[in-house]
Amino acid sequence: MQSYDLIIKNAQVVTSIETKYADIGIKDQKIIAIGNNLINSKETIDATGKYILPGGIDSHCHIEQKSASGLINSDTFESATKAAALGGNTSIIPFAAQYEGFTLTETLEDYHKLAKKGSIIDYAMHMIIAGPNNDLLNLELPEQIRLGHSSIKIFMTYDRLKIEDIDILNIFEKARDMEAFISVHAENHGMITWMVSKLLEKGYTHPKFHSVSHPVAGEVEAINRIIGISELMDQPVMIFHVSSEKGVEVIRNAQARGVKIFAETCVQYLTLTSDEMDKPGVEGGKWICSPPLRKTRDQNALWDAVKDNTLCLISSDHAPYSFDSNGKLFKGENPNFKEIPNGMPGLNWRLPILFDEIVNKRRKNLSINDFVRLTSTSPAKIYGLYPQKGDIEIGCDADLVIWDPEAITELSDDMVVDGSGYNPYSGRIIKGWPETVILRGYVIVFNNKVIADPGNGNFLPTKLSANVKPKGIIAHDLLKENNYGANLQS
Ligand code: DUC
Ligand code: ZN
Ligand code: ZN
């Protein structure tokens, strides 16, 4: 008779496509049976009245990353992944940030050391490329893609991170040749720099002016530009953290005419507005992130875009800074908005807040299956983790979360285990909580306590997913007959 290491009984099993009552049988870290009345296990968990979902995958989070301002996020892999696990995640995709003057290889080695030592959940790794020299593009990049880093992130703004269009084109060309995916921080650097200087010149220094300094027009322009580059190069991209109604419109139009682009938003853009920054003193700096929180109208448009799949996943963009002289206030007690580092914590809060919005409040009539798709299956499918991660099927890693749909929680600063020390959602009362978290068959969170050790997480090497491969169509402008064959009559 088949024996199991763990059986979870009597729950409603939820995937991105269905919800059904079943038992789940786990052996050697994998799901090996989904059926009724499973028996013969070393351990059994009775999940009557609960849901079992695939573990959350947060595909956009910054951990122990050196930021553009030179500061390091107020987290270690240990504290960040504890927060992530408590929030129902079993995998993350953080960043290794390569800056001008550093090799990609040493950068990746450094971040891998940190992740291996501290992470309690599994992780893949995006490569930020900010100094794309010839050696990096021609020698290092192919090797790192071969080693399982199939995702590149580029920035169109931030002084030390942004790259010029010519470099973007070179990276797109290499990524297409070597089978990598590209994600983009799309905001127009010139517009932001100009707005910041105008605002400061006029004495507008309060944190609330941060949102004014990142105009929607800057997001729209950069998204348009990256779509144009993506079309020319036939290289699909992920547009990160879309924050505005107008940004969504540009993406929806491009998708409608067949451009293969993907876009995400983050929990904060769906649930908070720029009003958060309008608090006395510098308190509002806690909500400074880029792109900035916008208006209720943008929030509604983002939910519509989630509903019609213009935005195909929701991440946290976790980038915590403590609210003291080591973090948000590193320039002093009374910084202007530009002196406050950008970023908010979110690994712990993304799933419970979205569960409340989607499953409990039925925002835009989205379902619990949509919740799974947006927060686990879709990131797995896009970043090459599927079907090992992101689903409940025979053969998948046994990454499972038992959700109590009735638990009522008031979010507070007291709950925070990440390095920020504050909860941007404090005071919010939500329904539904990820009470037990299982990674590869081992319980890592029980009764809201982490019971796994740092170093427990595995690196997840990725390959370019078939879902995000180029269409294989050479752009009109690059066709021989349209003169990319050049020569003409010269
Ligand atoms: N903006 C980013 O682009 N990344 C981290 C946090 C932020 O606010
Ligand atoms: Zn970004
Ligand atoms: Zn980010």
# chains A, B, ... in the order shown; residues from 1 in each chain; ligands from 1
call {"tool": "residues_around", "arguments": {"residues": "Ile92 (chain A)", "least_positions_apart": "6", "cutoff": "8 Å", "atoms": "only C-alpha atoms", "output": "JSON, numbers by chain"}}
result
{"A": [57, 58, 59, 60, 61, 121, 122, 123, 124]}
call {"tool": "residues_near_ligand", "arguments": {"ligand": "ligand 2", "cutoff": "7 Å", "atoms": "only C-alpha atoms and all ligand atoms", "output": "ChimeraX atom specification"}}
result
/A:155,185,240-241,290
call {"tool": "write_last_selection", "arguments": {"atoms": "N, CA and C atoms", "output": "compact mmCIF listing (two decimals), in the first residue's frame"}}
result
# COMPACT_ATOMS: atom_id res chain seq x y z
N PHE A 155 16.40 49.35 -15.52
CA PHE A 155 15.77 50.56 -15.00
C PHE A 155 15.86 51.68 -16.03
N HIS A 185 11.67 48.70 -15.04
CA HIS A 185 11.12 49.80 -14.25
C HIS A 185 10.96 50.95 -15.23
N PHE A 240 7.05 46.25 -14.86
CA PHE A 240 6.88 46.14 -13.42
C PHE A 240 5.97 47.24 -12.87
N HIS A 241 5.42 46.98 -11.74
CA HIS A 241 4.67 47.92 -10.88
C HIS A 241 3.93 49.03 -11.62
N SER A 290 8.36 54.08 -5.56
CA SER A 290 8.31 54.53 -6.95
C SER A 290 8.01 53.37 -7.88
call {"tool": "residues_near_ligand", "arguments": {"ligand": "ligand 3", "cutoff": "12 Å", "atoms": "only C-alpha atoms and all ligand atoms", "output": "compact mmCIF listing (two decimals) with N, CA, C and O atoms, in the first residue's frame"}}
result
# COMPACT_ATOMS: atom_id res chain seq x y z
N ASP A 58 6.21 35.42 -4.61
CA ASP A 58 6.37 36.88 -4.76
C ASP A 58 7.53 37.12 -5.71
O ASP A 58 8.71 36.97 -5.35
N SER A 59 7.18 37.48 -6.93
CA SER A 59 8.19 37.54 -8.00
C SER A 59 8.88 38.89 -8.11
O SER A 59 9.63 39.13 -9.06
N HIS A 60 8.66 39.77 -7.14
CA HIS A 60 9.31 41.10 -7.20
C HIS A 60 9.51 41.59 -5.77
O HIS A 60 8.62 42.17 -5.16
N CYS A 61 10.71 41.33 -5.24
CA CYS A 61 11.01 41.80 -3.87
C CYS A 61 12.51 42.08 -3.77
O CYS A 61 13.33 41.38 -4.35
N HIS A 62 12.82 43.14 -3.05
CA HIS A 62 14.22 43.57 -2.91
C HIS A 62 14.70 43.20 -1.51
O HIS A 62 14.14 43.66 -0.52
N ILE A 63 15.74 42.37 -1.45
CA ILE A 63 16.21 41.88 -0.15
C ILE A 63 17.71 42.07 -0.04
O ILE A 63 18.46 41.66 -0.93
N GLN A 65 19.38 44.37 -0.68
CA GLN A 65 19.87 44.93 -1.94
C GLN A 65 20.41 46.33 -1.71
O GLN A 65 19.80 47.13 -1.02
N SER A 67 20.68 49.85 -2.64
CA SER A 67 19.77 50.66 -3.45
C SER A 67 20.55 51.72 -4.22
O SER A 67 21.75 51.90 -4.03
N ALA A 68 19.81 52.45 -5.05
CA ALA A 68 20.43 53.51 -5.84
C ALA A 68 21.06 54.56 -4.94
O ALA A 68 22.07 55.17 -5.29
N ASN A 73 18.61 47.69 1.86
CA ASN A 73 17.28 47.46 2.45
C ASN A 73 17.42 47.00 3.89
O ASN A 73 18.34 46.25 4.23
N ILE A 93 11.28 35.80 -5.75
CA ILE A 93 12.33 36.14 -6.73
C ILE A 93 12.87 37.53 -6.38
O ILE A 93 12.31 38.55 -6.77
N PRO A 94 13.96 37.57 -5.60
CA PRO A 94 14.61 38.84 -5.30
C PRO A 94 15.62 39.19 -6.41
O PRO A 94 15.66 38.52 -7.44
N PHE A 95 16.42 40.20 -6.16
CA PHE A 95 17.32 40.73 -7.19
C PHE A 95 18.78 40.66 -6.77
O PHE A 95 19.10 40.86 -5.60
N ALA A 96 19.64 40.43 -7.76
CA ALA A 96 21.07 40.68 -7.58
C ALA A 96 21.35 41.92 -8.41
O ALA A 96 21.15 41.92 -9.62
N ALA A 97 21.78 43.00 -7.75
CA ALA A 97 21.89 44.29 -8.43
C ALA A 97 23.32 44.58 -8.84
O ALA A 97 24.18 44.88 -8.01
N HIS A 126 16.46 37.40 -10.00
CA HIS A 126 16.54 38.30 -11.17
C HIS A 126 17.92 38.96 -11.18
O HIS A 126 18.47 39.27 -10.11
N ILE A 128 19.69 42.40 -12.01
CA ILE A 128 19.61 43.81 -12.43
C ILE A 128 20.91 44.14 -13.16
O ILE A 128 22.00 43.89 -12.63
N LYS A 153 16.53 42.43 -15.09
CA LYS A 153 15.75 43.65 -14.85
C LYS A 153 16.56 44.87 -15.26
O LYS A 153 17.75 44.96 -14.95
N ILE A 154 15.88 45.80 -15.93
CA ILE A 154 16.54 47.07 -16.26
C ILE A 154 15.71 48.24 -15.73
O ILE A 154 14.51 48.12 -15.53
N PHE A 155 16.40 49.35 -15.52
CA PHE A 155 15.77 50.56 -15.00
C PHE A 155 15.86 51.68 -16.03
O PHE A 155 16.92 51.89 -16.62
N THR A 157 14.93 54.76 -14.88
CA THR A 157 15.21 55.90 -14.02
C THR A 157 16.04 55.43 -12.83
O THR A 157 16.38 54.25 -12.74
N TYR A 158 16.37 56.37 -11.96
CA TYR A 158 17.29 56.26 -10.81
C TYR A 158 18.72 56.48 -11.31
O TYR A 158 19.19 55.76 -12.21
N LEU A 161 21.14 53.55 -11.58
CA LEU A 161 20.61 52.31 -12.15
C LEU A 161 20.18 52.43 -13.61
O LEU A 161 20.20 51.45 -14.35
N SER A 183 12.49 42.36 -17.40
CA SER A 183 11.52 43.17 -16.67
C SER A 183 12.05 44.60 -16.61
O SER A 183 13.26 44.82 -16.59
N VAL A 184 11.11 45.54 -16.56
CA VAL A 184 11.51 46.95 -16.70
C VAL A 184 10.85 47.82 -15.64
O VAL A 184 9.65 47.72 -15.40
N HIS A 185 11.67 48.70 -15.04
CA HIS A 185 11.12 49.80 -14.25
C HIS A 185 10.96 50.95 -15.23
O HIS A 185 11.93 51.58 -15.64
N ALA A 186 9.70 51.22 -15.59
CA ALA A 186 9.44 52.17 -16.68
C ALA A 186 8.91 53.51 -16.14
O ALA A 186 7.73 53.67 -15.85
N ILE A 239 6.38 44.60 -17.66
CA ILE A 239 6.43 45.97 -17.15
C ILE A 239 6.06 45.90 -15.67
O ILE A 239 4.95 45.50 -15.30
N PHE A 240 7.05 46.25 -14.86
CA PHE A 240 6.88 46.14 -13.42
C PHE A 240 5.97 47.24 -12.87
O PHE A 240 5.82 48.31 -13.47
N HIS A 241 5.42 46.98 -11.74
CA HIS A 241 4.67 47.92 -10.88
C HIS A 241 3.93 49.03 -11.62
O HIS A 241 4.18 50.22 -11.38
N VAL A 242 3.00 48.65 -12.48
CA VAL A 242 2.17 49.65 -13.17
C VAL A 242 1.27 50.32 -12.12
O VAL A 242 0.63 49.64 -11.31
N GLU A 264 2.61 43.77 -14.48
CA GLU A 264 2.16 43.48 -13.11
C GLU A 264 1.78 44.79 -12.43
O GLU A 264 2.17 45.88 -12.86
N THR A 265 1.02 44.67 -11.35
CA THR A 265 0.94 45.77 -10.40
C THR A 265 1.26 45.18 -9.03
O THR A 265 1.57 44.00 -8.91
N CYS A 266 1.21 46.03 -8.01
CA CYS A 266 1.58 45.57 -6.67
C CYS A 266 0.44 45.88 -5.71
O CYS A 266 -0.38 46.77 -5.97
N CYS A 289 7.28 55.31 -2.36
CA CYS A 289 7.81 54.25 -3.22
C CYS A 289 7.68 54.75 -4.65
O CYS A 289 7.00 55.74 -4.90
N SER A 290 8.36 54.08 -5.56
CA SER A 290 8.31 54.53 -6.95
C SER A 290 8.01 53.37 -7.88
O SER A 290 8.64 52.32 -7.74
N PRO A 291 7.09 53.58 -8.83
CA PRO A 291 6.25 54.75 -8.98
C PRO A 291 5.46 55.01 -7.70
O PRO A 291 5.29 54.09 -6.88
N PRO A 292 4.96 56.24 -7.53
CA PRO A 292 4.29 56.56 -6.27
C PRO A 292 2.86 56.02 -6.22
O PRO A 292 2.29 55.68 -7.26
N SER A 315 2.52 41.52 -7.40
CA SER A 315 3.67 41.27 -6.52
C SER A 315 3.63 42.28 -5.37
O SER A 315 2.68 43.05 -5.22
N SER A 316 4.70 42.27 -4.54
CA SER A 316 4.74 43.23 -3.42
C SER A 316 5.71 44.39 -3.68
O SER A 316 5.56 45.44 -3.08
N ASP A 317 6.72 44.20 -4.52
CA ASP A 317 7.84 45.16 -4.62
C ASP A 317 8.36 45.49 -3.21
O ASP A 317 8.69 46.65 -2.93
N HIS A 318 8.42 44.47 -2.37
CA HIS A 318 8.94 44.63 -1.01
C HIS A 318 10.32 45.31 -1.06
O HIS A 318 11.25 44.80 -1.67
N ALA A 319 10.44 46.46 -0.44
CA ALA A 319 11.73 47.18 -0.39
C ALA A 319 11.71 48.01 0.89
O ALA A 319 11.44 49.21 0.85
N PRO A 320 11.99 47.36 2.03
CA PRO A 320 11.77 48.03 3.31
C PRO A 320 12.94 48.91 3.74
O PRO A 320 14.11 48.58 3.52
N ASN A 342 13.22 55.17 -1.50
CA ASN A 342 11.96 54.67 -2.06
C ASN A 342 11.73 53.21 -1.70
O ASN A 342 12.59 52.37 -1.94
N GLY A 343 10.57 52.91 -1.19
CA GLY A 343 10.22 51.50 -0.99
C GLY A 343 9.40 51.27 0.25
O GLY A 343 9.46 52.03 1.21
N MET A 344 8.63 50.20 0.20
CA MET A 344 7.74 49.82 1.31
C MET A 344 7.83 48.32 1.55
O MET A 344 8.06 47.57 0.63
N PRO A 345 7.59 47.90 2.80
CA PRO A 345 7.53 46.46 3.04
C PRO A 345 6.23 45.87 2.50
O PRO A 345 5.21 46.56 2.48
N GLY A 346 6.28 44.60 2.09
CA GLY A 346 5.05 44.01 1.54
C GLY A 346 5.01 42.49 1.53
O GLY A 346 3.96 41.90 1.29
call {"tool": "closest_residue", "arguments": {"among": "A:Ile223, A:Ile358, A:Ala305, A:Leu200", "to": "Val250 (chain A)", "atoms": "only C-alpha atoms"}}
result
A:Ile223
call {"tool": "atom_distance", "arguments": {"atom1": "CA of Ser211 (chain A)", "atom2": "CA of Ala301 (chain A)"}}
result
17.7 Å
call {"tool": "closest_residue", "arguments": {"among": "A:Glu187, A:Asp278, A:Glu140, A:Glu109", "to": "ligand 1", "atoms": "only C-alpha atoms and all ligand atoms"}}
result
A:Glu187
call {"tool": "residues_around", "arguments": {"residues": "Ser420 (chain A)", "least_positions_apart": "3", "cutoff": "6 Å", "atoms": "only C-alpha atoms", "output": "MDAnalysis selection string"}}
result
chainID A and resid 74 320:322
call {"tool": "write_last_selection", "arguments": {"atoms": "C-alpha atoms", "output": "PDB file, in the first residue's frame"}}
result
ATOM      1  CA  SER A  74      16.530  47.067   6.157  1.00  0.00           C
ATOM      2  CA  PRO A 320      11.766  48.027   3.312  1.00  0.00           C
ATOM      3  CA  TYR A 321      13.589  50.869   5.032  1.00  0.00           C
ATOM      4  CA  SER A 322      13.353  51.361   8.773  1.00  0.00           C
TER       5      SER A 322
END
